[in-house]
file work-v5.cif (mmCIF, C-alpha atoms)
data_work
loop_
_atom_site.label_atom_id
_atom_site.label_comp_id
_atom_site.auth_asym_id
_atom_site.auth_seq_id
_atom_site.Cartn_x
_atom_site.Cartn_y
_atom_site.Cartn_z
CA MET A 22 0.49 31.58 29.40
CA LYS A 23 1.16 32.18 25.69
CA ARG A 24 4.76 30.98 26.16
CA VAL A 25 3.58 27.79 27.85
CA LEU A 26 1.06 27.06 25.08
CA PHE A 27 3.61 27.83 22.38
CA GLY A 28 6.19 25.62 24.11
CA LEU A 29 3.68 22.78 24.42
CA PHE A 30 2.71 23.13 20.76
CA ALA A 31 6.37 23.12 19.67
CA PHE A 32 7.09 20.04 21.83
CA LEU A 33 4.13 18.13 20.40
CA THR A 34 5.06 19.06 16.84
CA ILE A 35 8.67 17.93 17.29
CA SER A 36 7.57 14.72 19.03
CA ALA A 37 5.14 13.86 16.24
CA SER A 38 7.84 14.55 13.63
CA ASN A 39 10.25 12.25 15.45
CA ILE A 40 7.67 9.45 15.64
CA PHE A 41 6.93 9.71 11.90
CA ALA A 42 10.67 9.77 11.10
CA GLN A 43 11.23 6.62 13.20
CA GLN A 44 8.34 4.85 11.47
CA ALA A 45 9.68 5.81 8.05
CA ALA A 46 13.17 4.53 8.96
CA GLN A 47 11.72 1.22 10.14
CA SER A 48 9.67 0.89 6.94
CA PRO A 49 11.75 2.58 4.23
CA ALA A 50 10.21 4.07 1.12
CA SER A 51 10.46 1.73 -1.85
CA THR A 52 9.50 1.83 -5.52
CA ALA A 53 8.61 -0.88 -8.01
CA THR A 54 8.35 0.03 -11.66
CA GLY A 55 8.01 -1.77 -14.95
CA LYS A 56 6.40 -1.85 -18.37
CA ILE A 57 3.22 -3.75 -19.11
CA GLY A 58 2.36 -3.33 -22.78
CA ASN A 59 2.58 0.39 -23.52
CA ALA A 60 2.08 1.40 -19.89
CA THR A 61 4.76 2.21 -17.35
CA ILE A 62 3.54 1.18 -13.90
CA THR A 63 5.09 2.76 -10.80
CA ILE A 64 4.23 1.71 -7.25
CA ASN A 65 5.53 3.75 -4.30
CA TYR A 66 5.17 2.19 -0.87
CA GLY A 67 6.57 1.95 2.63
CA SER A 68 8.23 -1.45 3.08
CA PRO A 69 7.66 -2.87 6.59
CA SER A 70 9.49 -5.97 7.81
CA VAL A 71 8.04 -9.05 9.47
CA LYS A 72 10.44 -8.94 12.48
CA GLY A 73 9.01 -12.19 13.84
CA ARG A 74 5.49 -10.75 14.07
CA ALA A 75 2.23 -12.45 13.10
CA ILE A 76 1.15 -10.50 10.02
CA TRP A 77 -2.07 -11.77 8.42
CA GLY A 78 -5.11 -11.49 10.63
CA GLU A 79 -2.98 -9.85 13.36
CA LEU A 80 -0.80 -6.86 12.41
CA VAL A 81 -2.84 -6.60 9.21
CA PRO A 82 -6.37 -7.53 10.33
CA TYR A 83 -8.81 -9.32 8.08
CA GLY A 84 -11.90 -7.37 7.06
CA LYS A 85 -10.30 -3.94 7.41
CA VAL A 86 -8.96 -1.69 4.63
CA TRP A 87 -5.15 -1.67 4.66
CA ARG A 88 -2.79 0.91 3.12
CA THR A 89 -0.91 -2.03 1.56
CA GLY A 90 2.41 -1.00 3.02
CA ALA A 91 3.53 1.33 5.78
CA ASN A 92 3.42 5.05 6.46
CA LYS A 93 1.72 6.97 3.62
CA ALA A 94 -0.83 5.19 1.50
CA THR A 95 0.77 3.15 -1.27
CA THR A 96 0.39 4.75 -4.70
CA PHE A 97 -0.08 3.08 -8.08
CA GLU A 98 0.58 5.14 -11.19
CA THR A 99 0.08 4.27 -14.84
CA ASP A 100 0.93 6.50 -17.78
CA ALA A 101 -1.56 4.74 -20.08
CA ASP A 102 -5.04 3.26 -19.80
CA ILE A 103 -4.88 -0.37 -18.63
CA THR A 104 -7.11 -3.18 -17.45
CA VAL A 105 -6.79 -4.73 -14.01
CA GLU A 106 -8.24 -8.21 -13.77
CA GLY A 107 -10.16 -7.37 -16.96
CA GLN A 108 -11.62 -4.11 -15.60
CA PRO A 109 -10.64 -0.73 -17.15
CA LEU A 110 -8.46 1.73 -15.23
CA LYS A 111 -7.65 5.10 -16.81
CA LYS A 112 -4.12 6.46 -16.77
CA GLY A 113 -3.36 8.36 -13.59
CA LYS A 114 -2.20 8.07 -10.02
CA TYR A 115 -4.21 6.20 -7.39
CA ALA A 116 -3.90 5.17 -3.76
CA LEU A 117 -3.62 1.38 -3.67
CA PHE A 118 -5.51 -0.14 -0.77
CA THR A 119 -6.43 -3.74 -0.08
CA LEU A 120 -9.16 -5.38 1.92
CA PRO A 121 -7.57 -8.63 3.13
CA GLU A 122 -9.64 -11.69 3.91
CA LYS A 123 -8.35 -15.16 4.61
CA ASN A 124 -9.24 -16.61 1.19
CA GLU A 125 -9.93 -13.59 -1.04
CA TRP A 126 -8.67 -10.02 -1.13
CA THR A 127 -10.12 -6.89 -2.69
CA ILE A 128 -7.65 -4.65 -4.52
CA ILE A 129 -8.80 -1.04 -4.32
CA PHE A 130 -7.73 1.89 -6.53
CA ASN A 131 -8.75 5.13 -4.81
CA LYS A 132 -8.53 8.66 -6.23
CA THR A 133 -7.26 10.25 -2.96
CA THR A 134 -3.52 9.61 -3.18
CA ASP A 135 -2.02 11.92 -0.57
CA GLN A 136 -3.05 10.43 2.75
CA TRP A 137 -1.39 8.86 5.75
CA GLY A 138 -2.25 5.20 6.04
CA ALA A 139 -5.91 4.36 5.59
CA PHE A 140 -7.18 6.55 8.41
CA ASN A 141 -9.07 8.91 6.08
CA TYR A 142 -9.95 6.29 3.47
CA LYS A 143 -13.37 6.85 1.87
CA GLN A 144 -15.01 4.14 -0.19
CA ASP A 145 -16.83 6.86 -2.17
CA ASP A 146 -13.42 7.81 -3.65
CA ASP A 147 -12.81 4.31 -5.04
CA VAL A 148 -12.29 4.21 -8.79
CA LEU A 149 -11.95 0.43 -9.14
CA ARG A 150 -12.23 -2.68 -6.95
CA VAL A 151 -11.24 -6.18 -8.05
CA LYS A 152 -11.08 -9.46 -6.16
CA VAL A 153 -8.10 -11.83 -6.19
CA LYS A 154 -6.98 -14.86 -4.22
CA PRO A 155 -3.77 -14.78 -2.17
CA SER A 156 -1.22 -17.59 -2.45
CA ALA A 157 0.78 -19.17 0.32
CA VAL A 158 4.51 -19.41 -0.47
CA ASN A 159 7.20 -21.43 1.28
CA GLU A 160 9.91 -18.80 1.25
CA LEU A 161 9.79 -15.95 3.77
CA THR A 162 9.84 -12.43 2.32
CA GLU A 163 11.03 -10.38 5.31
CA ALA A 164 10.39 -6.91 3.86
CA LEU A 165 7.23 -6.21 1.87
CA LYS A 166 7.93 -5.84 -1.83
CA PHE A 167 6.05 -5.26 -5.06
CA GLU A 168 7.09 -6.57 -8.46
CA VAL A 169 5.83 -5.34 -11.83
CA THR A 170 6.13 -8.00 -14.54
CA LYS A 171 4.74 -8.44 -18.07
CA GLY A 172 1.63 -10.17 -16.71
CA GLY A 173 0.80 -7.92 -13.80
CA VAL A 174 1.72 -6.92 -10.27
CA THR A 175 2.68 -9.12 -7.33
CA MET A 176 2.96 -8.12 -3.69
CA LYS A 177 5.02 -10.43 -1.46
CA TRP A 178 5.31 -10.31 2.30
CA GLU A 179 5.84 -12.89 4.99
CA LYS A 180 4.74 -16.15 3.35
CA LEU A 181 2.03 -14.66 1.15
CA ALA A 182 1.93 -13.54 -2.46
CA LEU A 183 -0.89 -11.50 -3.94
CA SER A 184 -1.00 -11.04 -7.71
CA PHE A 185 -3.33 -9.17 -9.99
CA GLY A 186 -3.36 -9.20 -13.76
CA VAL A 187 -2.65 -6.00 -15.67
CA LYS A 188 -2.91 -5.55 -19.46
#
call {"tool": "encode", "arguments": {"input": "work-v5.cif", "output": "structure tokens"}}
result
Amino acid sequence: MKRVLFGLFAFLTISASNIFAQQAAQSPASTATGKIGNATITINYGSPSVKGRAIWGELVPYGKVWRTGANKATTFETDADITVEGQPLKKGKYALFTLPEKNEWTIIFNKTTDQWGAFNYKQDDDVLRVKVKPSAVNELTEALKFEVTKGGVTMKWEKLALSFGVK
């Protein structure tokens, strides 16, 4: 009986590892980094691709907290105190979640950085929330990407861009 249970446990562990490895390969780990003022901003995220799928309101549902990428929760790190959309954010590393809505999104900086997706997300761990409006763009961005520029951060995916000011 112990052998059967051990064998079943080993099989499930290997199967779960293979599933996570396949997901990571389909949505490779990516990094965006740049300087804004005195701060170096680094964003680590899994970069999923559109692959002909309906994204907004479908794959990424409206009204539900999203990890803002794939696989592990996206992280946002700053080595200096900054402001995001005029609100203060202390230097440190945060999980970067979003709450998408059709016309306005909430950008969420959460203190629990090491988590898979948003499955264990807790609003009580939020450090900062700001609201921004998404923009429709004509050009398709197949794989999700972040850009750090002098004025802030932009996420692009499918035919949507989401920017937030950082100083």
call {"tool": "atom_distance", "arguments": {"input": "work-v5.cif", "atom1": "CA of Gln108 (chain A)", "atom2": "CA of Tyr66 (chain A)"}}
result
23.2 Å
call {"tool": "resolve_selection", "arguments": {"input": "work-v5.cif", "expression": "the PyMOL selection byres ((chain A and resi 169-185) around 9)", "output": "CSV table (one decimal) with C-alpha atoms, in the frame of the given file"}}
result
chain,number,residue,atom,x,y,z
A,53,ALA,CA,8.6,-0.9,-8.0
A,54,THR,CA,8.4,0.0,-11.7
A,55,GLY,CA,8.0,-1.8,-15.0
A,56,LYS,CA,6.4,-1.8,-18.4
A,57,ILE,CA,3.2,-3.8,-19.1
A,58,GLY,CA,2.4,-3.3,-22.8
A,62,ILE,CA,3.5,1.2,-13.9
A,63,THR,CA,5.1,2.8,-10.8
A,64,ILE,CA,4.2,1.7,-7.2
A,69,PRO,CA,7.7,-2.9,6.6
A,70,SER,CA,9.5,-6.0,7.8
A,71,VAL,CA,8.0,-9.0,9.5
A,75,ALA,CA,2.2,-12.4,13.1
A,76,ILE,CA,1.2,-10.5,10.0
A,77,TRP,CA,-2.1,-11.8,8.4
A,89,THR,CA,-0.9,-2.0,1.6
A,105,VAL,CA,-6.8,-4.7,-14.0
A,106,GLU,CA,-8.2,-8.2,-13.8
A,126,TRP,CA,-8.7,-10.0,-1.1
A,128,ILE,CA,-7.6,-4.6,-4.5
A,151,VAL,CA,-11.2,-6.2,-8.0
A,152,LYS,CA,-11.1,-9.5,-6.2
A,153,VAL,CA,-8.1,-11.8,-6.2
A,154,LYS,CA,-7.0,-14.9,-4.2
A,155,PRO,CA,-3.8,-14.8,-2.2
A,156,SER,CA,-1.2,-17.6,-2.4
A,157,ALA,CA,0.8,-19.2,0.3
A,158,VAL,CA,4.5,-19.4,-0.5
A,159,ASN,CA,7.2,-21.4,1.3
A,160,GLU,CA,9.9,-18.8,1.2
A,161,LEU,CA,9.8,-16.0,3.8
A,162,THR,CA,9.8,-12.4,2.3
A,163,GLU,CA,11.0,-10.4,5.3
A,164,ALA,CA,10.4,-6.9,3.9
A,165,LEU,CA,7.2,-6.2,1.9
A,166,LYS,CA,7.9,-5.8,-1.8
A,167,PHE,CA,6.0,-5.3,-5.1
A,168,GLU,CA,7.1,-6.6,-8.5
A,186,GLY,CA,-3.4,-9.2,-13.8
A,187,VAL,CA,-2.6,-6.0,-15.7
A,188,LYS,CA,-2.9,-5.6,-19.5
call {"tool": "resolve_selection", "arguments": {"input": "work-v5.cif", "expression": "the PyMOL selection byres ((chain A and resi 85) around 9)", "output": "mmCIF file with C-alpha atoms, in the frame of the given file"}}
result
data_model
loop_
_atom_site.group_PDB
_atom_site.id
_atom_site.type_symbol
_atom_site.label_atom_id
_atom_site.label_comp_id
_atom_site.auth_asym_id
_atom_site.auth_seq_id
_atom_site.Cartn_x
_atom_site.Cartn_y
_atom_site.Cartn_z
ATOM 1 C CA VAL A 81 -2.840 -6.600 9.210
ATOM 2 C CA PRO A 82 -6.370 -7.530 10.330
ATOM 3 C CA TYR A 83 -8.810 -9.320 8.080
ATOM 4 C CA GLY A 84 -11.900 -7.370 7.060
ATOM 5 C CA VAL A 86 -8.960 -1.690 4.630
ATOM 6 C CA TRP A 87 -5.150 -1.670 4.660
ATOM 7 C CA THR A 119 -6.430 -3.740 -0.080
ATOM 8 C CA LEU A 120 -9.160 -5.380 1.920
ATOM 9 C CA PRO A 121 -7.570 -8.630 3.130
ATOM 10 C CA GLU A 122 -9.640 -11.690 3.910
#
call {"tool": "closest_residue", "arguments": {"input": "work-v5.cif", "among": "A:Lys72, A:Arg150, A:Lys93, A:Arg88", "to": "Phe118 (chain A)", "atoms": "all atoms listed in the file"}}
result
A:Arg88
call {"tool": "resolve_selection", "arguments": {"input": "work-v5.cif", "expression": "the PyMOL selection byres ((chain A and resi 130) around 8)", "output": "CSV table (one decimal) with C-alpha atoms, in the coordinates of the input"}}
result
chain,number,residue,atom,x,y,z
A,97,PHE,CA,-0.1,3.1,-8.1
A,115,TYR,CA,-4.2,6.2,-7.4
A,116,ALA,CA,-3.9,5.2,-3.8
A,117,LEU,CA,-3.6,1.4,-3.7
A,118,PHE,CA,-5.5,-0.1,-0.8
A,128,ILE,CA,-7.6,-4.6,-4.5
A,129,ILE,CA,-8.8,-1.0,-4.3
A,131,ASN,CA,-8.8,5.1,-4.8
A,132,LYS,CA,-8.5,8.7,-6.2
A,147,ASP,CA,-12.8,4.3,-5.0
A,148,VAL,CA,-12.3,4.2,-8.8
A,149,LEU,CA,-12.0,0.4,-9.1
A,150,ARG,CA,-12.2,-2.7,-7.0
call {"tool": "closest_residue", "arguments": {"input": "work-v5.cif", "among": "A:Glu125, A:Ser68, A:Asp146, A:Thr134", "to": "Ala94 (chain A)", "atoms": "all atoms listed in the file"}}
result
A:Thr134
call {"tool": "atom_distance", "arguments": {"input": "work-v5.cif", "atom1": "CA of Thr52 (chain A)", "atom2": "CA of Asn65 (chain A)"}}
result
4.6 Å
call {"tool": "atom_distance", "arguments": {"input": "work-v5.cif", "atom1": "CA of Asn59 (chain A)", "atom2": "CA of Asp102 (chain A)"}}
result
9.0 Å
call {"tool": "closest_residue", "arguments": {"input": "work-v5.cif", "among": "A:Lys114, A:Thr133, A:Asp100, A:Lys123", "to": "Thr61 (chain A)", "atoms": "all atoms listed in the file"}}
result
A:Asp100
call {"tool": "build_atoms", "arguments": {"input": "work-v5.cif", "residues": "region 96-117 of chain A", "atoms": "N, CA and C atoms", "output": "PDB file, in the frame of the given file"}}
result
ATOM      1  N   THR A  96       0.943   4.191  -3.472  1.00  0.00           N
ATOM      2  CA  THR A  96       0.390   4.750  -4.700  1.00  0.00           C
ATOM      3  C   THR A  96       0.722   3.856  -5.891  1.00  0.00           C
ATOM      4  N   PHE A  97      -0.193   3.843  -6.835  1.00  0.00           N
ATOM      5  CA  PHE A  97      -0.080   3.080  -8.080  1.00  0.00           C
ATOM      6  C   PHE A  97      -0.297   4.067  -9.200  1.00  0.00           C
ATOM      7  N   GLU A  98       0.682   4.175 -10.100  1.00  0.00           N
ATOM      8  CA  GLU A  98       0.580   5.140 -11.190  1.00  0.00           C
ATOM      9  C   GLU A  98       0.799   4.450 -12.525  1.00  0.00           C
ATOM     10  N   THR A  99      -0.046   4.772 -13.482  1.00  0.00           N
ATOM     11  CA  THR A  99       0.080   4.270 -14.840  1.00  0.00           C
ATOM     12  C   THR A  99       0.025   5.444 -15.807  1.00  0.00           C
ATOM     13  N   ASP A 100       0.916   5.407 -16.801  1.00  0.00           N
ATOM     14  CA  ASP A 100       0.930   6.500 -17.780  1.00  0.00           C
ATOM     15  C   ASP A 100       0.103   6.193 -19.017  1.00  0.00           C
ATOM     16  N   ALA A 101      -0.664   5.099 -18.982  1.00  0.00           N
ATOM     17  CA  ALA A 101      -1.560   4.740 -20.080  1.00  0.00           C
ATOM     18  C   ALA A 101      -2.772   4.018 -19.494  1.00  0.00           C
ATOM     19  N   ASP A 102      -3.866   4.025 -20.230  1.00  0.00           N
ATOM     20  CA  ASP A 102      -5.040   3.260 -19.800  1.00  0.00           C
ATOM     21  C   ASP A 102      -4.681   1.778 -19.786  1.00  0.00           C
ATOM     22  N   ILE A 103      -5.171   1.054 -18.778  1.00  0.00           N
ATOM     23  CA  ILE A 103      -4.880  -0.370 -18.630  1.00  0.00           C
ATOM     24  C   ILE A 103      -6.158  -1.097 -18.201  1.00  0.00           C
ATOM     25  N   THR A 104      -6.067  -2.409 -18.113  1.00  0.00           N
ATOM     26  CA  THR A 104      -7.110  -3.180 -17.450  1.00  0.00           C
ATOM     27  C   THR A 104      -6.473  -3.911 -16.279  1.00  0.00           C
ATOM     28  N   VAL A 105      -7.218  -4.001 -15.202  1.00  0.00           N
ATOM     29  CA  VAL A 105      -6.790  -4.730 -14.010  1.00  0.00           C
ATOM     30  C   VAL A 105      -7.812  -5.834 -13.799  1.00  0.00           C
ATOM     31  N   GLU A 106      -7.339  -7.071 -13.879  1.00  0.00           N
ATOM     32  CA  GLU A 106      -8.240  -8.210 -13.770  1.00  0.00           C
ATOM     33  C   GLU A 106      -9.432  -8.057 -14.727  1.00  0.00           C
ATOM     34  N   GLY A 107      -9.139  -7.522 -15.926  1.00  0.00           N
ATOM     35  CA  GLY A 107     -10.160  -7.370 -16.960  1.00  0.00           C
ATOM     36  C   GLY A 107     -11.020  -6.125 -16.846  1.00  0.00           C
ATOM     37  N   GLN A 108     -10.831  -5.324 -15.807  1.00  0.00           N
ATOM     38  CA  GLN A 108     -11.620  -4.110 -15.600  1.00  0.00           C
ATOM     39  C   GLN A 108     -10.799  -2.878 -15.999  1.00  0.00           C
ATOM     40  N   PRO A 109     -11.405  -1.895 -16.686  1.00  0.00           N
ATOM     41  CA  PRO A 109     -10.640  -0.730 -17.150  1.00  0.00           C
ATOM     42  C   PRO A 109     -10.218   0.200 -16.017  1.00  0.00           C
ATOM     43  N   LEU A 110      -8.986   0.711 -16.144  1.00  0.00           N
ATOM     44  CA  LEU A 110      -8.460   1.730 -15.230  1.00  0.00           C
ATOM     45  C   LEU A 110      -7.762   2.767 -16.085  1.00  0.00           C
ATOM     46  N   LYS A 111      -8.225   4.014 -16.011  1.00  0.00           N
ATOM     47  CA  LYS A 111      -7.650   5.100 -16.810  1.00  0.00           C
ATOM     48  C   LYS A 111      -6.268   5.479 -16.286  1.00  0.00           C
ATOM     49  N   LYS A 112      -5.453   6.016 -17.189  1.00  0.00           N
ATOM     50  CA  LYS A 112      -4.120   6.460 -16.770  1.00  0.00           C
ATOM     51  C   LYS A 112      -4.270   7.478 -15.658  1.00  0.00           C
ATOM     52  N   GLY A 113      -3.322   7.444 -14.719  1.00  0.00           N
ATOM     53  CA  GLY A 113      -3.360   8.360 -13.590  1.00  0.00           C
ATOM     54  C   GLY A 113      -2.674   7.769 -12.371  1.00  0.00           C
ATOM     55  N   LYS A 114      -2.814   8.473 -11.282  1.00  0.00           N
ATOM     56  CA  LYS A 114      -2.200   8.070 -10.020  1.00  0.00           C
ATOM     57  C   LYS A 114      -3.308   7.782  -9.021  1.00  0.00           C
ATOM     58  N   TYR A 115      -3.180   6.658  -8.320  1.00  0.00           N
ATOM     59  CA  TYR A 115      -4.210   6.200  -7.390  1.00  0.00           C
ATOM     60  C   TYR A 115      -3.557   5.741  -6.081  1.00  0.00           C
ATOM     61  N   ALA A 116      -4.301   5.845  -4.989  1.00  0.00           N
ATOM     62  CA  ALA A 116      -3.900   5.170  -3.760  1.00  0.00           C
ATOM     63  C   ALA A 116      -4.282   3.710  -3.943  1.00  0.00           C
ATOM     64  N   LEU A 117      -3.379   2.818  -3.537  1.00  0.00           N
ATOM     65  CA  LEU A 117      -3.620   1.380  -3.670  1.00  0.00           C
ATOM     66  C   LEU A 117      -3.872   0.810  -2.280  1.00  0.00           C
TER      67      LEU A 117
END
